[in-house]
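Q: File name my_file.txt; file contents compact mmCIF, C-alpha atoms; full text below.
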```txt
# COMPACT_ATOMS: atom_id res chain seq x y z
CA MET A 263 180.74 33.75 140.98
CA SER A 264 180.57 37.09 142.84
CA GLU A 265 181.76 39.33 139.99
CA ARG A 266 179.55 42.19 138.89
CA VAL A 267 178.48 42.10 135.23
CA LEU A 268 176.85 44.71 133.01
CA PHE A 269 175.30 43.17 129.92
CA PHE A 270 174.09 45.15 126.91
CA GLY A 271 171.83 43.42 124.40
CA ARG A 272 169.11 44.10 121.84
CA GLU A 273 165.40 44.27 122.61
CA ASN A 274 163.21 41.55 121.03
CA CYS A 275 166.26 39.43 120.15
CA ILE A 276 166.02 35.72 121.04
CA TYR A 277 169.82 35.39 121.03
CA THR A 278 170.17 38.27 123.49
CA LYS A 279 167.73 36.42 125.74
CA LYS A 280 169.69 33.17 125.45
CA ILE A 281 172.93 34.94 126.31
CA TYR A 282 171.32 36.60 129.33
CA ILE A 283 170.05 33.24 130.60
CA PHE A 284 173.56 31.81 130.22
CA LEU A 285 175.15 34.78 132.03
CA LYS A 286 172.68 34.49 134.92
CA LYS A 287 173.90 30.92 135.46
CA LYS A 288 177.51 32.09 135.52
CA PHE A 289 177.28 35.32 137.53
CA LYS A 290 175.19 36.21 140.58
CA LYS A 291 175.28 39.98 140.13
CA ILE A 292 174.20 41.13 136.68
CA ILE A 293 172.53 44.23 135.27
CA PHE A 294 170.88 43.78 131.87
CA LEU A 295 170.17 46.74 129.56
CA LYS A 296 168.44 46.40 126.17
CA SER A 297 168.76 48.92 123.35
CA LYS A 298 165.91 49.49 120.93
CA LYS A 299 167.05 51.62 118.00
CA ILE A 300 170.01 53.11 116.17
CA GLY A 301 171.29 56.29 117.76
CA GLU A 302 169.91 55.50 121.20
CA LYS A 303 172.10 56.96 123.96
CA LEU A 304 172.71 56.09 127.58
CA ASN A 305 171.56 58.51 130.24
CA GLU A 306 174.78 59.58 131.96
CA ASN A 307 172.83 60.25 135.14
CA ASP A 308 171.90 56.58 135.32
CA LYS A 309 173.11 54.66 138.37
CA ILE A 310 175.30 52.40 136.22
CA PHE A 311 177.74 55.31 135.76
CA ARG A 312 178.25 55.32 139.53
CA LYS A 313 178.84 51.57 139.83
CA LYS A 314 181.91 49.42 139.31
CA PHE A 315 181.75 46.24 137.24
CA ASP A 316 184.18 43.40 136.77
CA TYR A 317 182.93 42.81 133.23
CA ILE A 318 180.91 44.52 130.54
CA PHE A 319 179.57 42.29 127.78
CA CYS A 320 177.96 43.74 124.68
CA PHE A 321 175.93 41.89 122.01
CA ARG A 322 174.05 43.66 119.19
CA SER A 323 173.67 46.80 121.29
CA PHE A 324 173.31 50.24 119.72
CA TYR A 325 174.82 51.99 122.75
CA ILE A 326 178.29 53.55 122.65
CA LEU A 327 180.01 52.40 125.83
CA ASN A 328 183.38 54.19 125.91
CA LYS A 329 182.36 56.44 128.83
CA LEU A 330 181.74 53.35 130.95
CA LEU A 331 185.19 51.85 130.44
CA LYS A 332 186.57 53.55 133.55
CA ASN A 333 183.99 51.59 135.57
CA VAL A 334 185.41 48.19 134.52
CA ASN A 335 187.80 46.31 136.82
CA LYS A 336 188.64 43.49 134.40
CA TYR A 337 187.36 43.37 130.82
CA ALA A 338 184.81 45.05 128.56
CA ILE A 339 184.08 42.75 125.63
CA ASN A 340 182.03 43.32 122.50
CA PHE A 341 180.70 40.47 120.41
CA HIS A 342 180.73 41.92 116.89
CA PRO A 343 178.45 40.13 114.37
CA SER A 344 180.99 40.37 111.58
CA VAL A 345 184.55 39.49 110.65
CA PRO A 346 187.28 42.06 111.51
CA LYS A 347 187.51 43.15 107.87
CA TYR A 348 184.16 44.92 108.24
CA ARG A 349 183.97 47.39 111.11
CA GLY A 350 180.82 49.28 112.03
CA SER A 351 177.52 48.77 110.23
CA GLY A 352 176.57 46.37 107.45
CA GLY A 353 179.31 43.79 107.78
CA VAL A 354 177.07 40.94 106.66
CA ASN A 355 175.85 42.94 103.64
CA TYR A 356 179.34 43.70 102.37
CA ALA A 357 180.63 40.19 103.06
CA VAL A 358 177.77 38.45 101.25
CA PHE A 359 178.32 40.68 98.23
CA LYS A 360 182.13 40.55 98.16
CA ASP A 361 183.35 37.43 99.99
CA LYS A 362 182.72 33.72 100.31
CA HIS A 363 183.16 33.71 104.08
CA PHE A 364 181.59 35.53 106.99
CA GLY A 365 181.78 35.16 110.76
CA CYS A 366 181.91 36.89 114.13
CA THR A 367 184.51 38.61 116.28
CA ALA A 368 184.97 38.98 120.03
CA HIS A 369 187.17 41.91 121.04
CA LEU A 370 187.99 44.25 123.88
CA ILE A 371 186.09 47.54 123.85
CA ASN A 372 188.17 50.71 123.69
CA ASN A 373 187.45 54.34 122.79
CA LYS A 374 187.04 53.59 119.07
CA ILE A 375 184.34 51.52 117.37
CA ASP A 376 185.36 47.95 116.50
CA SER A 377 189.09 48.42 116.99
CA GLY A 378 190.03 46.79 120.32
CA ASN A 379 192.32 43.80 120.76
CA ILE A 380 190.83 40.71 119.11
CA ILE A 381 190.03 37.80 121.42
CA ASP A 382 188.43 35.35 119.01
CA VAL A 383 187.20 35.11 115.41
CA GLN A 384 184.96 32.44 113.93
CA PHE A 385 184.51 31.98 110.17
CA PHE A 386 182.05 30.05 108.00
CA ASN A 387 181.25 29.70 104.31
CA HIS A 388 177.91 31.37 103.48
CA GLY A 389 177.89 30.36 99.81
CA LYS A 390 175.13 27.75 100.02
CA MET A 391 172.91 29.74 102.38
CA LYS A 392 169.85 31.07 100.57
CA ASN A 393 169.34 34.50 102.07
CA LEU A 394 170.52 37.16 104.49
CA LYS A 395 168.19 36.08 107.29
CA THR A 396 169.59 32.54 107.27
CA ILE A 397 173.15 33.86 107.30
CA LEU A 398 172.48 36.22 110.21
CA ASN A 399 170.72 33.56 112.28
CA PHE A 400 173.68 31.24 111.75
CA THR A 401 176.02 34.08 112.76
CA TYR A 402 174.11 34.77 115.99
CA SER A 403 174.07 31.04 116.82
CA LEU A 404 177.83 30.97 116.29
CA GLN A 405 178.19 34.01 118.53
CA LEU A 406 176.27 32.27 121.29
CA LYS A 407 178.80 29.43 121.19
CA GLN A 408 181.65 31.95 121.05
CA ILE A 409 180.35 33.80 124.11
CA LYS A 410 180.01 30.58 126.09
CA LYS A 411 183.55 29.58 125.12
CA ILE A 412 184.98 32.93 126.26
CA ILE A 413 183.02 33.15 129.54
CA ASN A 414 183.99 29.59 130.45
CA GLY A 415 187.60 30.37 129.54
CA ILE A 416 187.62 33.48 131.74
CA GLN A 417 186.29 31.58 134.73
CA LYS A 418 188.78 28.73 134.35
CA ASN A 419 191.93 30.74 133.65
CA ASN A 420 192.82 34.30 134.67
CA LEU A 421 195.18 34.53 131.70
CA PHE A 422 192.62 33.32 129.15
CA ILE A 423 191.94 36.73 127.56
CA ASN A 424 195.62 37.68 127.38
CA ASN A 425 196.46 34.30 125.83
CA GLN A 426 193.68 34.68 123.26
CA ILE A 427 194.85 38.18 122.31
CA LYS A 428 198.40 36.89 121.78
CA LYS A 429 197.04 34.00 119.72
CA ASN A 430 195.13 36.37 117.41
CA ILE A 431 197.69 39.20 117.32
CA ASN A 432 198.14 38.87 113.54
CA ILE A 433 194.44 39.31 112.77
CA LYS A 434 193.87 42.97 111.92
CA TRP A 435 190.79 45.16 111.77
CA GLY A 436 189.74 46.65 108.44
CA LYS A 437 190.80 50.24 107.86
CA THR A 438 187.31 51.50 107.01
CA LEU A 439 184.61 52.15 109.62
CA ASN A 440 181.32 51.67 107.79
CA THR A 441 178.43 53.91 108.84
CA MET A 442 174.67 53.65 108.27
CA LYS A 443 175.08 56.34 105.62
CA ASP A 444 177.58 54.11 103.81
CA LEU A 445 175.20 51.17 104.06
CA ASN A 446 172.34 53.19 102.58
CA LYS A 447 174.56 53.98 99.59
CA PHE A 448 175.40 50.29 99.26
CA TYR A 449 171.68 49.50 99.01
CA LYS A 450 171.42 51.69 95.90
CA ILE A 451 171.49 49.67 92.65
CA ASP A 452 173.68 50.99 89.86
CA LYS A 453 171.70 50.91 86.62
CA LYS A 454 174.78 49.50 84.85
CA ILE A 455 175.20 46.57 87.24
CA SER A 456 175.86 43.15 85.69
CA LYS A 457 173.32 40.34 86.13
CA LYS A 458 175.73 38.39 88.33
CA ASP A 459 176.37 41.36 90.63
CA PHE A 460 172.67 42.23 90.62
CA ASN A 461 171.74 38.79 91.98
CA ARG A 462 174.50 39.02 94.58
CA LYS A 463 173.30 42.49 95.60
CA LEU A 464 169.77 41.16 96.10
CA LYS A 465 171.06 38.36 98.36
CA ALA A 466 173.19 40.86 100.26
CA THR A 467 170.44 43.39 100.95
CA ILE A 468 166.95 41.87 101.14
CA ILE A 469 165.84 41.12 104.70
CA ASN A 470 162.57 41.99 106.46
CA ASN A 471 161.75 45.62 105.60
CA HIS A 472 165.21 46.37 104.21
CA LYS A 473 165.26 46.33 100.40
CA PRO A 474 167.64 47.61 97.72
CA TYR A 475 166.53 50.48 95.52
CA LEU A 476 167.35 52.35 92.35
CA ILE A 477 166.88 55.95 91.31
CA LEU A 478 165.32 56.44 87.86
CA HIS A 479 164.35 59.84 86.44
CA GLY A 480 164.32 61.34 89.90
CA ARG A 481 162.14 58.63 91.44
CA LYS A 482 163.11 55.99 93.97
CA PHE A 483 162.05 52.40 93.20
CA ILE A 484 162.22 49.75 95.93
CA LEU A 485 163.15 46.26 94.75
CA ASP A 486 161.84 43.02 96.21
CA ASN A 487 162.58 39.35 95.65
```
What does the file become when written as structure tokens?
A:
Amino acid sequence: MSERVLFFGRENCIYTKKIYIFLKKKFKKIIFLKSKKIGEKLNENDKIFRKKFDYIFCFRSFYILNKLLKNVNKYAINFHPSVPKYRGSGGVNYAVFKDKHFGCTAHLINNKIDSGNIIDVQFFNHGKMKNLKTILNFTYSLQLKQIKKIINGIQKNNLFINNQIKKNINIKWGKTLNTMKDLNKFYKIDKKISKKDFNRKLKATIINNHKPYLILHGRKFILDN
């Protein structure tokens, strides 16, 4: 295919790498940009702001892309690692604590975070999965399949995206946009929490260097498993 593609991914992410390899097989002209940390911003003097692209694809990127939308001829699509109920940050954390199901969402990018027309949603039951890392890896694997399905659909049928949006028209985004500040508050353990909720909170928050905490007599105590 001769379309121009701009792909945003995450540095040191094996799923980002797998998606890039897949995209290279599908498109001849592709620019790949990796984000490293929360709050990272694009340089508006970069050459990408002077180029036109047929597609922008975004997976686990920290960049805000709304200023690039005018450069897109066809579609800008974000692959959100959460169900539509949870917009913004921490979707997996809230879902593991509150719900039996989790999943991933593909949607058009617009000028607001996680609010564009929904193209596809995949759900799974996380109840028997032991920890957050397992759940996230399963989510990213599901997203890889979702991305392949959508790219193949686009290349086979010009109306694929419009048909998918019509199909999912009744699936709505959650009203709340969760921020990193909200997520930090979620990680705080209430001293009056029940044992059942405490165990669920541990499952919903412990991963790598991220741990829940409690404040006691003015001191912060980090919990571990």
Q: Kindly provide, as number ranges by chain, the polymer residues lying within 7 Å of (166.8, 47.9, 118.8), counting all atoms listed in the file and using the coordinates exactly as they appear in the file.
A: A: 272-273, 297-300, 324
Q: Need the neighbours of (192.1, 37.0, 130.9): which residues are at most 12 Å away, counting only C-alpha atoms, as a PyMOL selection string?
A: chain A and resi 316-317+335-339+370+381+412-428
Q: Could you tell me which of A:Lys410, A:Lys360, A:Lys453, A:Lys447 comes closest to Ile283 (chain A) if we count all atoms listed in the file?
A: A:Lys410
Q: Could you tell me how far CA of Asn461 (chain A) sits from CA of Arg322 (chain A), in Å to one decimal place?
A: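 So the two atoms, CA of Arg322 (chain A) and CA of Asn461 (chain A), lie 27.7 Å apart.
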Q: If I take CA of Phe319 (chain A) and CA of Ala466 (chain A), how far is one from the other in Å, to one decimal?
A: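 Atom-to-atom, CA of Phe319 (chain A) and CA of Ala466 (chain A) are spaced 28.3 Å apart.
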Q: Just checking: using all atoms listed in the file, which residue out of A:Leu268, A:Cys275, A:Leu304, A:Leu478 ends up closest to Lys291 (chain A)?
A: A:Leu268
Q: What's the separation between CA of Ile318 (chain A) and CA of Lys279 (chain A), in Å to one decimal place?
A: 16.2 Å
Q: Write out as a list in words each polymer residue whose atoms come within 9 Å of region 393-398 of chain A, counting all atoms listed in the file; drop sequence neighbours fewer than 3 positions from it.
A: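 Listing them by chain and then by number gives Pro343, Val354, Asn355, Val358, Phe364, His388, Thr401, Tyr402, Ser403, Leu464, Lys465, Ala466, Thr467, Ile468, Ile469 and Asn470 of chain A.
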